[in-house]
file run.pdb (PDB, C-alpha atoms, pLDDT in the B column)
ATOM      1  CA  MET A 627     102.148  43.355 132.479  1.00 46.00           C
ATOM      2  CA  THR A 628     102.144  43.432 128.713  1.00 52.00           C
ATOM      3  CA  THR A 629      99.039  42.925 126.688  1.00 55.00           C
ATOM      4  CA  GLN A 630      99.236  42.213 123.021  1.00 61.00           C
ATOM      5  CA  THR A 631      96.424  42.630 120.592  1.00 64.00           C
ATOM      6  CA  ARG A 632      96.266  40.089 117.864  1.00 70.00           C
ATOM      7  CA  LYS A 633      94.522  40.189 114.559  1.00 75.00           C
ATOM      8  CA  VAL A 634      91.598  37.849 114.142  1.00 77.00           C
ATOM      9  CA  GLU A 635      89.600  37.182 111.014  1.00 81.00           C
ATOM     10  CA  VAL A 636      86.033  38.316 111.494  1.00 80.00           C
ATOM     11  CA  PRO A 637      83.448  37.101 108.993  1.00 82.00           C
ATOM     12  CA  GLN A 638      82.268  40.177 107.095  1.00 85.00           C
ATOM     13  CA  GLY A 639      78.600  39.447 107.578  1.00 90.00           C
ATOM     14  CA  TRP A 640      75.648  41.412 108.820  1.00 90.00           C
ATOM     15  CA  GLU A 641      76.839  41.524 112.439  1.00 89.00           C
ATOM     16  CA  ALA A 642      80.245  42.926 111.409  1.00 92.00           C
ATOM     17  CA  PHE A 643      78.416  45.640 109.474  1.00 93.00           C
ATOM     18  CA  ALA A 644      76.224  46.376 112.524  1.00 93.00           C
ATOM     19  CA  TRP A 645      79.345  46.604 114.724  1.00 93.00           C
ATOM     20  CA  LYS A 646      80.965  49.135 112.364  1.00 94.00           C
ATOM     21  CA  TRP A 647      77.680  51.001 111.969  1.00 94.00           C
ATOM     22  CA  MET A 648      77.624  51.704 115.724  1.00 96.00           C
ATOM     23  CA  ARG A 649      81.071  53.320 115.483  1.00 96.00           C
ATOM     24  CA  TYR A 650      80.668  55.357 112.288  1.00 96.00           C
ATOM     25  CA  SER A 651      77.175  56.568 113.205  1.00 97.00           C
ATOM     26  CA  GLY A 652      78.445  57.253 116.738  1.00 97.00           C
ATOM     27  CA  VAL A 653      80.857  59.917 115.504  1.00 97.00           C
ATOM     28  CA  LEU A 654      78.104  61.642 113.531  1.00 97.00           C
ATOM     29  CA  ILE A 655      75.566  61.418 116.380  1.00 97.00           C
ATOM     30  CA  PHE A 656      78.172  62.777 118.815  1.00 97.00           C
ATOM     31  CA  ILE A 657      78.189  66.021 116.809  1.00 97.00           C
ATOM     32  CA  LEU A 658      74.457  66.161 115.970  1.00 97.00           C
ATOM     33  CA  ALA A 659      73.127  65.149 119.409  1.00 97.00           C
ATOM     34  CA  TRP A 660      75.470  67.350 121.460  1.00 97.00           C
ATOM     35  CA  ILE A 661      74.606  70.467 119.440  1.00 97.00           C
ATOM     36  CA  HIS A 662      70.917  69.543 119.741  1.00 97.00           C
ATOM     37  CA  VAL A 663      71.141  69.061 123.524  1.00 97.00           C
ATOM     38  CA  LEU A 664      73.239  72.212 123.995  1.00 96.00           C
ATOM     39  CA  ILE A 665      70.725  74.382 122.138  1.00 96.00           C
ATOM     40  CA  GLN A 666      67.388  72.858 123.152  1.00 95.00           C
ATOM     41  CA  ASP A 667      67.994  71.639 126.710  1.00 95.00           C
ATOM     42  CA  ILE A 668      70.606  74.058 128.015  1.00 95.00           C
ATOM     43  CA  LEU A 669      70.598  77.358 126.074  1.00 95.00           C
ATOM     44  CA  VAL A 670      66.897  77.578 125.145  1.00 95.00           C
ATOM     45  CA  GLY A 671      65.342  75.284 127.741  1.00 94.00           C
ATOM     46  CA  VAL A 672      61.961  73.587 127.824  1.00 94.00           C
ATOM     47  CA  TYR A 673      60.246  76.655 129.330  1.00 94.00           C
ATOM     48  CA  LYS A 674      60.715  78.566 126.061  1.00 95.00           C
ATOM     49  CA  ILE A 675      59.769  75.663 123.813  1.00 95.00           C
ATOM     50  CA  ASP A 676      56.237  75.479 122.440  1.00 92.00           C
ATOM     51  CA  ILE A 677      54.602  74.931 119.066  1.00 92.00           C
ATOM     52  CA  ASN A 678      55.491  78.464 117.947  1.00 92.00           C
ATOM     53  CA  TYR A 679      59.138  77.787 118.752  1.00 94.00           C
ATOM     54  CA  VAL A 680      59.019  74.605 116.662  1.00 94.00           C
ATOM     55  CA  ALA A 681      57.303  76.521 113.853  1.00 93.00           C
ATOM     56  CA  GLY A 682      60.097  79.103 113.879  1.00 93.00           C
ATOM     57  CA  ARG A 683      62.773  76.446 113.928  1.00 94.00           C
ATOM     58  CA  TRP A 684      61.208  74.448 111.107  1.00 94.00           C
ATOM     59  CA  HIS A 685      60.533  77.557 109.028  1.00 91.00           C
ATOM     60  CA  GLY A 686      63.393  76.771 106.695  1.00 86.00           C
ATOM     61  CA  GLY A 687      64.869  73.543 105.471  1.00 92.00           C
ATOM     62  CA  PHE A 688      68.128  73.497 107.407  1.00 96.00           C
ATOM     63  CA  TRP A 689      66.836  72.406 110.843  1.00 96.00           C
ATOM     64  CA  ARG A 690      64.343  70.018 109.283  1.00 97.00           C
ATOM     65  CA  VAL A 691      67.162  68.192 107.497  1.00 97.00           C
ATOM     66  CA  TYR A 692      69.278  68.406 110.665  1.00 97.00           C
ATOM     67  CA  ASP A 693      66.495  66.932 112.798  1.00 97.00           C
ATOM     68  CA  PHE A 694      65.818  64.225 110.220  1.00 98.00           C
ATOM     69  CA  LEU A 695      69.500  63.192 110.188  1.00 98.00           C
ATOM     70  CA  LEU A 696      69.560  63.164 113.995  1.00 97.00           C
ATOM     71  CA  LEU A 697      66.347  61.124 114.100  1.00 97.00           C
ATOM     72  CA  PHE A 698      67.520  58.618 111.517  1.00 97.00           C
ATOM     73  CA  PHE A 699      71.059  58.062 112.783  1.00 97.00           C
ATOM     74  CA  ALA A 700      70.402  58.302 116.533  1.00 97.00           C
ATOM     75  CA  PHE A 701      67.324  56.110 116.394  1.00 97.00           C
ATOM     76  CA  SER A 702      68.991  53.478 114.215  1.00 97.00           C
ATOM     77  CA  HIS A 703      72.031  53.514 116.505  1.00 97.00           C
ATOM     78  CA  GLY A 704      69.843  53.219 119.583  1.00 97.00           C
ATOM     79  CA  MET A 705      67.627  50.421 118.305  1.00 97.00           C
ATOM     80  CA  ASN A 706      70.640  48.410 117.158  1.00 96.00           C
ATOM     81  CA  GLY A 707      72.242  49.044 120.551  1.00 97.00           C
ATOM     82  CA  THR A 708      69.087  47.797 122.265  1.00 97.00           C
ATOM     83  CA  ARG A 709      69.236  44.716 120.030  1.00 96.00           C
ATOM     84  CA  GLN A 710      72.860  44.070 120.953  1.00 94.00           C
ATOM     85  CA  VAL A 711      72.156  44.429 124.683  1.00 95.00           C
ATOM     86  CA  LEU A 712      69.089  42.168 124.601  1.00 95.00           C
ATOM     87  CA  ALA A 713      70.894  39.575 122.466  1.00 93.00           C
ATOM     88  CA  ASP A 714      73.300  39.118 125.393  1.00 91.00           C
ATOM     89  CA  TYR A 715      70.384  37.872 127.497  1.00 92.00           C
ATOM     90  CA  ILE A 716      68.263  36.174 124.839  1.00 92.00           C
ATOM     91  CA  HIS A 717      70.061  33.139 123.461  1.00 91.00           C
ATOM     92  CA  GLY A 718      67.437  31.105 121.653  1.00 94.00           C
ATOM     93  CA  ALA A 719      67.491  31.392 117.861  1.00 94.00           C
ATOM     94  CA  GLY A 720      63.724  31.780 117.610  1.00 96.00           C
ATOM     95  CA  ALA A 721      63.563  34.334 120.416  1.00 96.00           C
ATOM     96  CA  ARG A 722      66.339  36.357 118.769  1.00 94.00           C
ATOM     97  CA  ARG A 723      64.511  36.306 115.435  1.00 95.00           C
ATOM     98  CA  ALA A 724      61.386  37.581 117.178  1.00 96.00           C
ATOM     99  CA  LEU A 725      63.445  40.245 118.962  1.00 95.00           C
ATOM    100  CA  ASN A 726      64.978  41.433 115.686  1.00 95.00           C
ATOM    101  CA  TRP A 727      61.576  41.701 114.032  1.00 97.00           C
ATOM    102  CA  ILE A 728      59.965  43.529 116.962  1.00 97.00           C
ATOM    103  CA  LEU A 729      62.795  46.067 117.111  1.00 97.00           C
ATOM    104  CA  LEU A 730      62.813  46.498 113.322  1.00 97.00           C
ATOM    105  CA  ILE A 731      59.079  47.244 113.357  1.00 97.00           C
ATOM    106  CA  ILE A 732      59.388  49.736 116.244  1.00 97.00           C
ATOM    107  CA  TRP A 733      62.335  51.347 114.396  1.00 97.00           C
ATOM    108  CA  ALA A 734      60.437  51.670 111.124  1.00 98.00           C
ATOM    109  CA  VAL A 735      57.235  52.981 112.734  1.00 98.00           C
ATOM    110  CA  VAL A 736      58.982  55.643 114.842  1.00 98.00           C
ATOM    111  CA  VAL A 737      61.266  56.779 112.001  1.00 98.00           C
ATOM    112  CA  VAL A 738      58.296  57.108 109.618  1.00 98.00           C
ATOM    113  CA  ILE A 739      56.171  59.009 112.192  1.00 98.00           C
ATOM    114  CA  GLY A 740      59.062  61.368 112.958  1.00 97.00           C
ATOM    115  CA  THR A 741      59.961  61.925 109.303  1.00 97.00           C
ATOM    116  CA  VAL A 742      56.359  62.658 108.291  1.00 97.00           C
ATOM    117  CA  ALA A 743      56.097  65.189 111.143  1.00 97.00           C
ATOM    118  CA  ILE A 744      59.403  66.898 110.315  1.00 97.00           C
ATOM    119  CA  PHE A 745      58.673  67.396 106.619  1.00 96.00           C
ATOM    120  CA  GLY A 746      54.875  67.509 106.720  1.00 95.00           C
ATOM    121  CA  PHE A 747      54.560  70.193 109.399  1.00 94.00           C
ATOM    122  CA  THR A 748      53.281  73.573 108.270  1.00 89.00           C
ATOM    123  CA  PRO A 749      53.269  76.402 110.830  1.00 79.00           C
ATOM    124  CA  PRO A 750      49.780  77.260 112.137  1.00 70.00           C
ATOM    125  CA  ALA A 751      48.422  80.533 110.757  1.00 63.00           C
ATOM    126  CA  ALA A 752      49.310  83.246 113.267  1.00 54.00           C
TER     127      ALA A 752
ATOM    128  CA  MET B 984      69.076  30.097 132.536  1.00 43.00           C
ATOM    129  CA  SER B 985      70.532  32.524 130.044  1.00 56.00           C
ATOM    130  CA  PHE B 986      70.021  35.706 132.049  1.00 57.00           C
ATOM    131  CA  LYS B 987      71.767  34.192 135.078  1.00 58.00           C
ATOM    132  CA  THR B 988      74.651  32.972 132.912  1.00 58.00           C
ATOM    133  CA  ALA B 989      75.109  36.438 131.445  1.00 58.00           C
ATOM    134  CA  MET B 990      74.997  38.097 134.853  1.00 58.00           C
ATOM    135  CA  GLU B 991      77.557  35.680 136.274  1.00 60.00           C
ATOM    136  CA  GLY B 992      79.717  36.357 133.251  1.00 56.00           C
ATOM    137  CA  TYR B 993      79.657  40.069 134.024  1.00 53.00           C
ATOM    138  CA  ALA B 994      80.196  39.525 137.730  1.00 54.00           C
ATOM    139  CA  LYS B 995      83.398  37.589 137.065  1.00 59.00           C
ATOM    140  CA  TYR B 996      84.774  40.345 134.836  1.00 59.00           C
ATOM    141  CA  GLU B 997      85.457  43.170 137.252  1.00 68.00           C
ATOM    142  CA  GLY B 998      87.234  46.504 137.121  1.00 81.00           C
ATOM    143  CA  LEU B 999      86.637  50.041 135.896  1.00 87.00           C
ATOM    144  CA  GLY B1000      86.492  48.944 132.268  1.00 85.00           C
ATOM    145  CA  ASN B1001      83.541  46.732 133.096  1.00 86.00           C
ATOM    146  CA  TRP B1002      81.778  49.520 134.954  1.00 90.00           C
ATOM    147  CA  ALA B1003      82.306  51.789 131.948  1.00 94.00           C
ATOM    148  CA  PHE B1004      80.737  49.067 129.789  1.00 93.00           C
ATOM    149  CA  ILE B1005      77.707  48.579 132.057  1.00 93.00           C
ATOM    150  CA  LEU B1006      77.127  52.332 132.486  1.00 96.00           C
ATOM    151  CA  HIS B1007      77.522  52.840 128.716  1.00 97.00           C
ATOM    152  CA  ARG B1008      74.706  50.355 128.176  1.00 96.00           C
ATOM    153  CA  LEU B1009      72.456  51.748 130.907  1.00 97.00           C
ATOM    154  CA  ALA B1010      72.964  55.322 129.672  1.00 97.00           C
ATOM    155  CA  GLY B1011      72.316  54.225 126.082  1.00 97.00           C
ATOM    156  CA  LEU B1012      69.131  52.361 127.035  1.00 97.00           C
ATOM    157  CA  GLY B1013      67.949  55.376 129.030  1.00 97.00           C
ATOM    158  CA  VAL B1014      68.539  57.713 126.102  1.00 98.00           C
ATOM    159  CA  ILE B1015      66.785  55.456 123.551  1.00 97.00           C
ATOM    160  CA  LEU B1016      63.786  55.065 125.879  1.00 97.00           C
ATOM    161  CA  PHE B1017      63.491  58.848 126.103  1.00 97.00           C
ATOM    162  CA  LEU B1018      64.161  59.204 122.366  1.00 97.00           C
ATOM    163  CA  ILE B1019      61.135  57.046 121.463  1.00 97.00           C
ATOM    164  CA  ILE B1020      58.897  59.206 123.673  1.00 96.00           C
ATOM    165  CA  HIS B1021      60.562  62.401 122.409  1.00 96.00           C
ATOM    166  CA  VAL B1022      60.117  61.582 118.704  1.00 97.00           C
ATOM    167  CA  LEU B1023      56.439  60.766 119.309  1.00 96.00           C
ATOM    168  CA  ASP B1024      55.755  63.898 121.400  1.00 96.00           C
ATOM    169  CA  THR B1025      57.478  66.152 118.873  1.00 95.00           C
ATOM    170  CA  ALA B1026      55.609  64.442 116.032  1.00 96.00           C
ATOM    171  CA  ALA B1027      52.441  65.663 117.777  1.00 96.00           C
ATOM    172  CA  VAL B1028      53.150  69.185 116.452  1.00 94.00           C
ATOM    173  CA  TYR B1029      52.051  67.747 113.112  1.00 94.00           C
ATOM    174  CA  PHE B1030      49.555  65.064 114.116  1.00 95.00           C
ATOM    175  CA  LYS B1031      47.866  66.596 117.190  1.00 94.00           C
ATOM    176  CA  PRO B1032      49.118  70.051 118.304  1.00 92.00           C
ATOM    177  CA  SER B1033      46.999  70.043 121.506  1.00 93.00           C
ATOM    178  CA  LEU B1034      48.805  66.882 122.623  1.00 95.00           C
ATOM    179  CA  TYR B1035      52.158  68.597 122.043  1.00 95.00           C
ATOM    180  CA  ALA B1036      51.162  71.452 124.364  1.00 93.00           C
ATOM    181  CA  GLU B1037      50.214  68.885 127.016  1.00 94.00           C
ATOM    182  CA  ALA B1038      53.514  67.023 126.632  1.00 95.00           C
ATOM    183  CA  VAL B1039      55.539  70.237 126.958  1.00 94.00           C
ATOM    184  CA  SER B1040      53.691  71.268 130.120  1.00 93.00           C
ATOM    185  CA  LEU B1041      54.504  67.831 131.546  1.00 94.00           C
ATOM    186  CA  TYR B1042      58.191  68.299 130.634  1.00 95.00           C
ATOM    187  CA  ARG B1043      58.145  71.616 132.526  1.00 95.00           C
ATOM    188  CA  SER B1044      57.345  69.914 135.843  1.00 95.00           C
ATOM    189  CA  PRO B1045      60.261  69.720 138.319  1.00 95.00           C
ATOM    190  CA  VAL B1046      60.321  65.890 138.235  1.00 95.00           C
ATOM    191  CA  PHE B1047      60.863  65.877 134.468  1.00 96.00           C
ATOM    192  CA  GLY B1048      63.328  68.749 134.880  1.00 96.00           C
ATOM    193  CA  ILE B1049      65.488  66.575 137.124  1.00 97.00           C
ATOM    194  CA  GLY B1050      65.025  63.712 134.664  1.00 97.00           C
ATOM    195  CA  GLU B1051      66.269  66.012 131.898  1.00 97.00           C
ATOM    196  CA  ILE B1052      69.417  66.830 133.895  1.00 97.00           C
ATOM    197  CA  ILE B1053      70.071  63.088 134.288  1.00 98.00           C
ATOM    198  CA  LEU B1054      69.331  62.601 130.581  1.00 98.00           C
ATOM    199  CA  VAL B1055      72.009  65.181 129.709  1.00 98.00           C
ATOM    200  CA  LEU B1056      74.463  63.298 131.952  1.00 98.00           C
ATOM    201  CA  CYS B1057      73.643  60.099 130.045  1.00 98.00           C
ATOM    202  CA  VAL B1058      74.141  61.829 126.675  1.00 98.00           C
ATOM    203  CA  ILE B1059      77.486  63.362 127.705  1.00 98.00           C
ATOM    204  CA  TYR B1060      78.828  60.143 129.243  1.00 98.00           C
ATOM    205  CA  HIS B1061      77.569  57.844 126.476  1.00 98.00           C
ATOM    206  CA  GLY B1062      79.006  60.214 123.849  1.00 98.00           C
ATOM    207  CA  LEU B1063      82.435  60.620 125.438  1.00 98.00           C
ATOM    208  CA  ASN B1064      82.790  56.955 126.346  1.00 97.00           C
ATOM    209  CA  GLY B1065      81.580  56.110 122.841  1.00 97.00           C
ATOM    210  CA  LEU B1066      84.316  58.269 121.303  1.00 97.00           C
ATOM    211  CA  ARG B1067      86.826  56.516 123.563  1.00 97.00           C
ATOM    212  CA  ILE B1068      85.640  53.111 122.343  1.00 96.00           C
ATOM    213  CA  ILE B1069      85.671  54.274 118.708  1.00 97.00           C
ATOM    214  CA  TYR B1070      89.212  55.616 119.039  1.00 97.00           C
ATOM    215  CA  PHE B1071      90.442  52.385 120.631  1.00 95.00           C
ATOM    216  CA  ASP B1072      88.594  50.085 118.224  1.00 93.00           C
ATOM    217  CA  MET B1073      89.053  51.880 114.928  1.00 94.00           C
ATOM    218  CA  ILE B1074      92.301  53.839 115.267  1.00 94.00           C
ATOM    219  CA  ASN B1075      94.549  52.268 117.898  1.00 93.00           C
ATOM    220  CA  PRO B1076      93.489  48.809 119.168  1.00 90.00           C
ATOM    221  CA  ASN B1077      96.810  48.533 121.047  1.00 91.00           C
ATOM    222  CA  LEU B1078      95.268  50.842 123.653  1.00 92.00           C
ATOM    223  CA  TRP B1079      92.994  47.998 124.797  1.00 89.00           C
ATOM    224  CA  THR B1080      95.117  47.148 127.825  1.00 87.00           C
ATOM    225  CA  ILE B1081      93.786  46.966 131.371  1.00 86.00           C
ATOM    226  CA  GLU B1082      95.956  49.873 132.535  1.00 89.00           C
ATOM    227  CA  ILE B1083      95.229  52.268 129.645  1.00 92.00           C
ATOM    228  CA  ASN B1084      91.565  51.288 129.728  1.00 91.00           C
ATOM    229  CA  ARG B1085      91.424  52.070 133.460  1.00 92.00           C
ATOM    230  CA  LYS B1086      93.086  55.471 133.062  1.00 95.00           C
ATOM    231  CA  SER B1087      90.980  56.447 130.065  1.00 96.00           C
ATOM    232  CA  VAL B1088      87.787  55.516 131.948  1.00 96.00           C
ATOM    233  CA  ILE B1089      88.808  57.837 134.804  1.00 96.00           C
ATOM    234  CA  TRP B1090      89.522  60.658 132.318  1.00 97.00           C
ATOM    235  CA  THR B1091      86.224  60.039 130.573  1.00 97.00           C
ATOM    236  CA  TRP B1092      84.413  60.560 133.881  1.00 97.00           C
ATOM    237  CA  ILE B1093      86.439  63.673 134.761  1.00 98.00           C
ATOM    238  CA  ILE B1094      85.595  65.292 131.407  1.00 98.00           C
ATOM    239  CA  THR B1095      81.981  64.117 131.673  1.00 98.00           C
ATOM    240  CA  LEU B1096      81.521  65.771 135.070  1.00 98.00           C
ATOM    241  CA  VAL B1097      83.369  68.962 134.037  1.00 98.00           C
ATOM    242  CA  LEU B1098      80.984  69.343 131.087  1.00 98.00           C
ATOM    243  CA  TRP B1099      77.862  68.184 132.921  1.00 98.00           C
ATOM    244  CA  LEU B1100      78.127  70.284 136.118  1.00 98.00           C
ATOM    245  CA  PRO B1101      77.751  73.700 134.413  1.00 97.00           C
ATOM    246  CA  ALA B1102      74.919  72.294 132.285  1.00 97.00           C
ATOM    247  CA  ALA B1103      73.242  70.949 135.434  1.00 97.00           C
ATOM    248  CA  VAL B1104      73.592  74.356 137.132  1.00 97.00           C
ATOM    249  CA  VAL B1105      72.007  76.166 134.158  1.00 97.00           C
ATOM    250  CA  MET B1106      69.159  73.654 133.868  1.00 97.00           C
ATOM    251  CA  GLY B1107      68.671  73.485 137.637  1.00 96.00           C
ATOM    252  CA  SER B1108      68.399  77.279 137.843  1.00 96.00           C
ATOM    253  CA  HIS B1109      65.757  77.184 135.082  1.00 95.00           C
ATOM    254  CA  ILE B1110      63.737  74.731 137.182  1.00 96.00           C
ATOM    255  CA  ILE B1111      64.035  76.914 140.308  1.00 96.00           C
ATOM    256  CA  GLU B1112      63.095  80.090 138.373  1.00 94.00           C
ATOM    257  CA  HIS B1113      59.902  78.432 137.190  1.00 92.00           C
ATOM    258  CA  LEU B1114      58.884  76.782 140.475  1.00 90.00           C
ATOM    259  CA  GLY B1115      55.234  77.458 141.169  1.00 80.00           C
ATOM    260  CA  SER B1116      54.577  79.082 137.798  1.00 71.00           C
TER     261      SER B1116
END
call {"tool": "encode", "arguments": {"input": "run.pdb", "output": "structure tokens"}}
result
Amino acid sequence: MTTQTRKVEVPQGWEAFAWKWMRYSGVLIFILAWIHVLIQDILVGVYKIDINYVAGRWHGGFWRVYDFLLLFFAFSHGMNGTRQVLADYIHGAGARRALNWILLIIWAVVVVIGTVAIFGFTPPAA
Amino acid sequence: MSFKTAMEGYAKYEGLGNWAFILHRLAGLGVILFLIIHVLDTAAVYFKPSLYAEAVSLYRSPVFGIGEIILVLCVIYHGLNGLRIIYFDMINPNLWTIEINRKSVIWTWIITLVLWLPAAVVMGSHIIEHLGS
């Protein structure tokens, strides 16, 4: 059986941007998230993680920026993914508008909380 | 009803490619659900350190330990299958044939399990070491 792909014109609107965003951010998250999981879940493990561990890790700027990038890209990717999944089951225009707003608000709130914590944290005096 | 329509649509489209699609979504939804909780619990180091200590002790329970092993499976599968989709979509769309899709799904799962099993052994042994402590 032969299958041929054919070129179709896709309107370059918001949804086309969101579709591409999932793929470009996916490559970046693949690197950031796998290194994060390898270090924190497998090599270090939750039994060695406490507030002092976080303080040591966020002592300098490197891991703070790393964690911020992971937070921003992974969370944006995930919330847009959630939106795309739910949009397959929610077909009404009004319901979709509501869905988009709810997810946008959750996205903004969680990203702001995480960002404030990453850059605002100062290690407790030992 | 829209939900029923969507489910029937999926049910009619069978094959490994469809399973890869459904599992990609389930794994992604699982990871984002954990990610929301994880960002908030880690943010507690800044907002309420005592809450962070409580969250970590909860994560150290065996039930969460097993959940973490499943989470790592979701991250590995979603990541590898995602790269597969990205490669097909962005670099070589001619690969979107039923046969190549089928084979690449099988390879994705082989690589996923090869990477996940050692991780699961390491994490599982951590859980066993800390049983009762």
call {"tool": "resolve_selection", "arguments": {"input": "run.pdb", "expression": "the PyMOL selection byres ((chain A and resi 700) around 12)", "output": "PyMOL selection string"}}
result
(chain A and resi 647-660+662+692-699+701-707+733+736-737) or (chain B and resi 1011+1014-1019+1022+1058+1062)
call {"tool": "atom_distance", "arguments": {"input": "run.pdb", "atom1": "atom CA of B:Arg1067", "atom2": "atom CA of B:Ser1087"}}
result
7.7 Å
call {"tool": "closest_residue", "arguments": {"input": "run.pdb", "among": "A:Arg709, A:His717, A:Arg690, A:Lys633", "to": "chain B", "atoms": "all atoms listed in the file"}}
result
A:His717
call {"tool": "interface_residues", "arguments": {"input": "run.pdb", "of": "chain B", "to": "chain A", "cutoff": "8 Å", "atoms": "only C-alpha atoms", "output": "ChimeraX atom specification"}}
result
/B:985-986,989,1008,1011-1012,1015,1018-1019,1022-1023,1025-1030,1032,1035-1036,1039,1042-1043,1051,1055,1058-1059,1062,1065-1066,1069,1076-1077,1079-1080,1102,1105-1106,1109
call {"tool": "closest_residue", "arguments": {"input": "run.pdb", "among": "B:Asn1084, B:Leu1034, B:Leu1078, B:Trp1090", "to": "B:Leu1063", "atoms": "all atoms listed in the file"}}
result
B:Trp1090
